[in-house]
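One structure below.
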Amino acid sequence: MIYLQYIAILIICGLAFFYLFLSLHRIRCAHFLKLAVKKLLIQEEVSRAKAYINTEALREIISILLTQKDKAAHRALLNLACGRISAFKKFLQQNKQTKLKSLGNSLFPKDIKNLFPSDRAVWFLSQNQEKEAERIIENLSDKGLSPYAKARKRFVQGWLFLRDGDMLSASQCAAEAAKLFAEKKALIEEAQALLLNGTIYRLSCIEDVSLMMFDSAAKIFCFCNDTQGQAEALGNRGMLWILQEKFEEAQADFEQAQKLCPPHEQKILTASILNQQALLNLLRRRYAQAKKLLNESEKISRQKKFISGLAFSSELRAHILYAQKKKTQAATEAQKAAELYLKDKNKPAYFESLYLQSLALFESKELDMAEQILRDLISKAKLKQTSFHLAGAYNLMGLIFLHRKKTKEAKVWFQEAAALEQKNERYIGAATDYADIAFLALQKGNIEEARKNLETALSYAETYGKNKLSKILKTKLSELKI
């Protein structure tokens with residue numbers, strides 16, 4: 001009996017030492033992982049929102065190297081912790097262990113074909129090759145996927161749904177990705193998913209949730225000592241403040257973002273923040289200051305061949321010219337922005353710029369040219385799933401025909417616009433379209449039809465409460481009832 005007690009004590013002691021060793025191993029692994037993530041991120045100047053990183057592969061590599069006793073493995077870990085990434089990468093590529101070599105390729109993709117499908121999709125997304133990413137995701141079943149691989153899949157799906165304008169599906173995918181990444185303690189990937197979800201909610205005008213997402217992402221980046229990530233989160237939050245017309249808060253966030261990432265260290269991010277500040281000044285009607293900021297941003301973007309930055313700068317410049325009633329110049333600048341967005345494979349922004357070009361030409365009385373661009377825009381946008389709201393193009397076509405006094409054709413375009421706005425639950429847009437239809441009825445002397453369409457317009461305008469448009473429509477309705 002006494003021997004059984006001794007054996008039990010030995011087993012308990014053995015298990016205790018085993019769990020102690022395991023706990024120490026995990027602590028060491030977590031320590032090296034945090035150091036490694038920081039050093040890896042420093043190497044990358046690309047946007048954190050789509051940066052390629054594989055925390056799961058990195059964690060496994062560190063775990064393997066910590067258990068090895070040879071000096072080469074210890075030297076590789078030291079190189080990683082000290083930021084000598086090229087030496088660490090060389091060790092992985094030349095290592096004879098198949099598993100380490102495979103994990104090395106997952107962390108630093110070189111042989112793209114051998115990446116796991118979800119990793120390959122994320123890599124293509126990081127390179128703005130969305131069609132390739134979509135092709136992989138469409139053929140990747142959830143069955144048998146690890147939680148991390150499933151999170152990667154949902155992350156890519158979130159971006160693709162955002163591109164297609166399906167905000168509900170995009171937010172669901174991004175939220176699930178963030179949850180799965182959190183469970184796997186993949187912090188940077190979790191922050192990326194939160195940034196994505198914050199952007200989705202910002203574009204959906206659900207501002208309180210968007211703010212929470214950006215704040216959560218910023219906290220994670222701060223924990224990982226990633227100042228660029230913090231700055232990006234602050235920049236996104238600044239854009240949210242702009243949407244709410246809280247300009248002082250936006251300016252404070254942009255200034256803080258610049259302090260976190262000095263221009264000589266993070267030039268691409270600096271160009272983006274300068275563009276954001278230019279947008280802020282544009283909305284404040286400080287056009288001279290906005291132009292100055294755009295000049296600085298464009299100079300950096302040209303140096304770094306940052307097409308996204310150049311495209312946004314051109315779009316903002318077009319809006320400034322439009323606001324200054326320099327419509328012909330605005331149309332030229334909008335065309336330049338459209339060409340850059342097309343080169344950058346940003347279809348929604350490409351369509352937006354074409355619409356702005358058409359609007360500027362319409363107000364310059366260049367109706368034929370505006371119509372030609374709009375017809376080309378509509379034919380292309382109809383074939384694509386995109387977050388660009390096509391109804392605006394239909395409405396502008398209606399205005400062009402109204403200006404030509406072709407009321408029958410104008411009404412058809414306005415009706416098409418209204419139907420599309422209703423389908424997409426864009427009720428303010430639908431209200432505007434019905435108001436335009438009512439105006440056409442008034443021109444023809446059809447008072448009853450005009451009243452009916454104005455009442456429909458008013459009901460849509462007040463979907464989310466009373467506003468300026470609803471007041472205008474009520475005034476017009478009261479005039480008809482006299």
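Each chain in the structure tokens gets a letter, A, B, ..., in the order shown, and its residues are numbered from 1; ligands are numbered from 1 in order too.
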
#### Entry: region 192-273 of chain A: residues DSSP assigns to alpha helix (DSSP H), reported as a PyMOL selection string
chain A and resi 192-203+207-223+227-243+247-260+267-273

Grab the residues selected above and save them as a short mmCIF file (atom, residue, chain, number, x, y, z; two decimals), in the first residue's frame with C-alpha atoms.
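again17.cif, freshly written:
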```cif
data_model
loop_
_atom_site.label_atom_id
_atom_site.label_comp_id
_atom_site.auth_asym_id
_atom_site.auth_seq_id
_atom_site.Cartn_x
_atom_site.Cartn_y
_atom_site.Cartn_z
CA GLN A 192 -7.21 44.07 -38.55
CA ALA A 193 -10.68 42.51 -38.34
CA LEU A 194 -11.77 45.26 -35.93
CA LEU A 195 -10.45 47.94 -38.31
CA LEU A 196 -12.42 46.30 -41.12
CA ASN A 197 -15.60 46.15 -39.04
CA GLY A 198 -15.14 49.75 -37.92
CA THR A 199 -14.89 50.83 -41.56
CA ILE A 200 -18.03 48.85 -42.44
CA TYR A 201 -20.02 50.48 -39.63
CA ARG A 202 -18.63 53.93 -40.49
CA LEU A 203 -19.78 53.57 -44.10
CA GLU A 207 -21.24 55.63 -35.66
CA ASP A 208 -21.21 54.46 -32.02
CA VAL A 209 -20.34 50.86 -32.99
CA SER A 210 -17.73 52.09 -35.46
CA LEU A 211 -16.08 54.18 -32.74
CA MET A 212 -15.96 51.16 -30.41
CA MET A 213 -14.28 49.06 -33.13
CA PHE A 214 -11.60 51.66 -33.89
CA ASP A 215 -10.88 52.18 -30.18
CA SER A 216 -10.55 48.42 -29.63
CA ALA A 217 -8.17 48.10 -32.60
CA ALA A 218 -6.06 51.01 -31.29
CA LYS A 219 -5.73 49.34 -27.86
CA ILE A 220 -4.49 46.11 -29.42
CA PHE A 221 -1.96 47.92 -31.59
CA CYS A 222 -0.80 49.84 -28.51
CA PHE A 223 -0.35 46.56 -26.57
CA THR A 227 2.66 52.79 -33.53
CA GLN A 228 1.70 52.59 -37.20
CA GLY A 229 -1.33 50.47 -36.33
CA GLN A 230 -2.30 52.95 -33.61
CA ALA A 231 -1.95 55.82 -36.06
CA GLU A 232 -4.13 54.06 -38.65
CA ALA A 233 -6.83 53.42 -36.05
CA LEU A 234 -6.69 57.09 -35.01
CA GLY A 235 -6.89 58.16 -38.66
CA ASN A 236 -9.97 56.01 -39.14
CA ARG A 237 -11.51 57.47 -35.99
CA GLY A 238 -10.76 60.95 -37.33
CA MET A 239 -12.69 60.11 -40.51
CA LEU A 240 -15.60 59.03 -38.28
CA TRP A 241 -15.51 62.39 -36.46
CA ILE A 242 -15.62 64.12 -39.85
CA LEU A 243 -18.76 62.17 -40.71
CA PHE A 247 -14.06 68.72 -36.69
CA GLU A 248 -12.06 69.57 -33.55
CA GLU A 249 -12.00 65.91 -32.47
CA ALA A 250 -10.96 64.87 -35.99
CA GLN A 251 -8.09 67.36 -36.02
CA ALA A 252 -6.87 66.13 -32.61
CA ASP A 253 -6.82 62.51 -33.81
CA PHE A 254 -4.97 63.37 -37.03
CA GLU A 255 -2.34 65.33 -35.09
CA GLN A 256 -1.89 62.47 -32.63
CA ALA A 257 -1.53 60.02 -35.54
CA GLN A 258 1.22 62.19 -37.04
CA LYS A 259 3.09 62.24 -33.72
CA LEU A 260 2.98 58.44 -33.53
CA LYS A 267 5.92 58.10 -45.39
CA ILE A 268 2.95 56.22 -46.85
CA LEU A 269 0.91 56.63 -43.68
CA THR A 270 1.93 60.29 -43.53
CA ALA A 271 0.58 60.78 -47.07
CA SER A 272 -2.72 59.19 -46.03
CA ILE A 273 -3.05 61.37 -42.92
#
```

### Task
Just the residues within 9 Å of Leu469 (chain A), please, counting only C-alpha atoms, with nothing from its chain fewer than 3 positions along; format it as a PyMOL selection string.
chain A and resi 428+431-432+458+461-462+466+472-474

Save the residues we just selected, C-alpha atoms, as a JSON list (two decimals), in the first residue's frame?
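Saved to result-v8.json:
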```
[["chain", "number", "residue", "atom", "x", "y", "z"],
["A", 428, "ILE", "CA", -33.15, 59.90, -48.46],
["A", 431, "ALA", "CA", -37.10, 60.86, -51.32],
["A", 432, "THR", "CA", -35.05, 63.04, -53.68],
["A", 458, "LEU", "CA", -41.92, 62.95, -47.46],
["A", 461, "ALA", "CA", -37.43, 61.55, -46.00],
["A", 462, "GLU", "CA", -38.81, 61.07, -42.47],
["A", 466, "LYS", "CA", -37.43, 64.97, -39.42],
["A", 472, "ILE", "CA", -38.74, 71.54, -47.69],
["A", 473, "LEU", "CA", -41.12, 68.82, -48.87],
["A", 474, "LYS", "CA", -43.73, 69.78, -46.24]]
```

### Query
Could you state the separation of CA of Gly309 (chain A) and CA of Ser297 (chain A) in Å, given to one decimal place?
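CA of Ser297 (chain A) lies 7.4 Å from CA of Gly309 (chain A).
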
### Task
May I have the residues within 7 Å of region 358-366 of chain A as a count of residues only, using only C-alpha atoms and disregarding those fewer than 4 positions away in the same chain?
9

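Distances from A:Ile188, A:Leu274, A:Ala57, A:Val156 to Glu138 (chain A) were compared using only C-alpha atoms, and the smallest one belongs to A:Val156.
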
### Query
Which neighbours of region 291-295 of chain A fall inside 12 Å, counting only C-alpha atoms, when residues of the same chain fewer than 6 positions from it are skipped, and could you give them as a list in words?
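Selected residues are Thr270, Ala271, Ser272, Ile273, Leu274, Asn275, Gln276, Gln277, Ala278, Leu279, Leu280, Asn281, Leu282, Arg285, Ser301, Arg302, Gly309, Leu310, Ala311, Phe312, Ser313, Ser314, Glu315, Leu316, Arg317, Ala318, His319, Ile320 and Leu321 of chain A.
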
### Task
State, in Å with one decimal place, the distance from CA of Leu40 (chain A) to CA of Gly83 (chain A).
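Calculated distance between CA of Leu40 (chain A) and CA of Gly83 (chain A) is 7.2 Å.
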
### Query
Interatomic distance between CA of Ser118 (chain A) and CA of Ile62 (chain A)?
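We find that CA of Ser118 (chain A) and CA of Ile62 (chain A) lie 21.6 Å from each other.
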
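For region 49-55 of chain A, the list of residues within 6 Å, based on only C-alpha atoms and with local chain neighbours fewer than 3 positions off taken out, reads Leu58, Arg59, Leu107, Trp123, Ser126, Ala186 and Gln192 of chain A.
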
### Query
Skipping near chain neighbours, those fewer than 3 positions away, what residues fall within 12 Å of Leu35 (chain A) using only C-alpha atoms, listed as a VMD selection string?
chain A and resid 28 to 32 38 to 42 58 to 59 62 77 to 85 223 to 226

### Task
Counting only C-alpha atoms, figure out which residue out of A:Ser204, A:Ser169, A:Lys90, A:Tyr355 gets nearest to Arg375 (chain A).
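Closest to Arg375 (chain A), using only C-alpha atoms: A:Tyr355.
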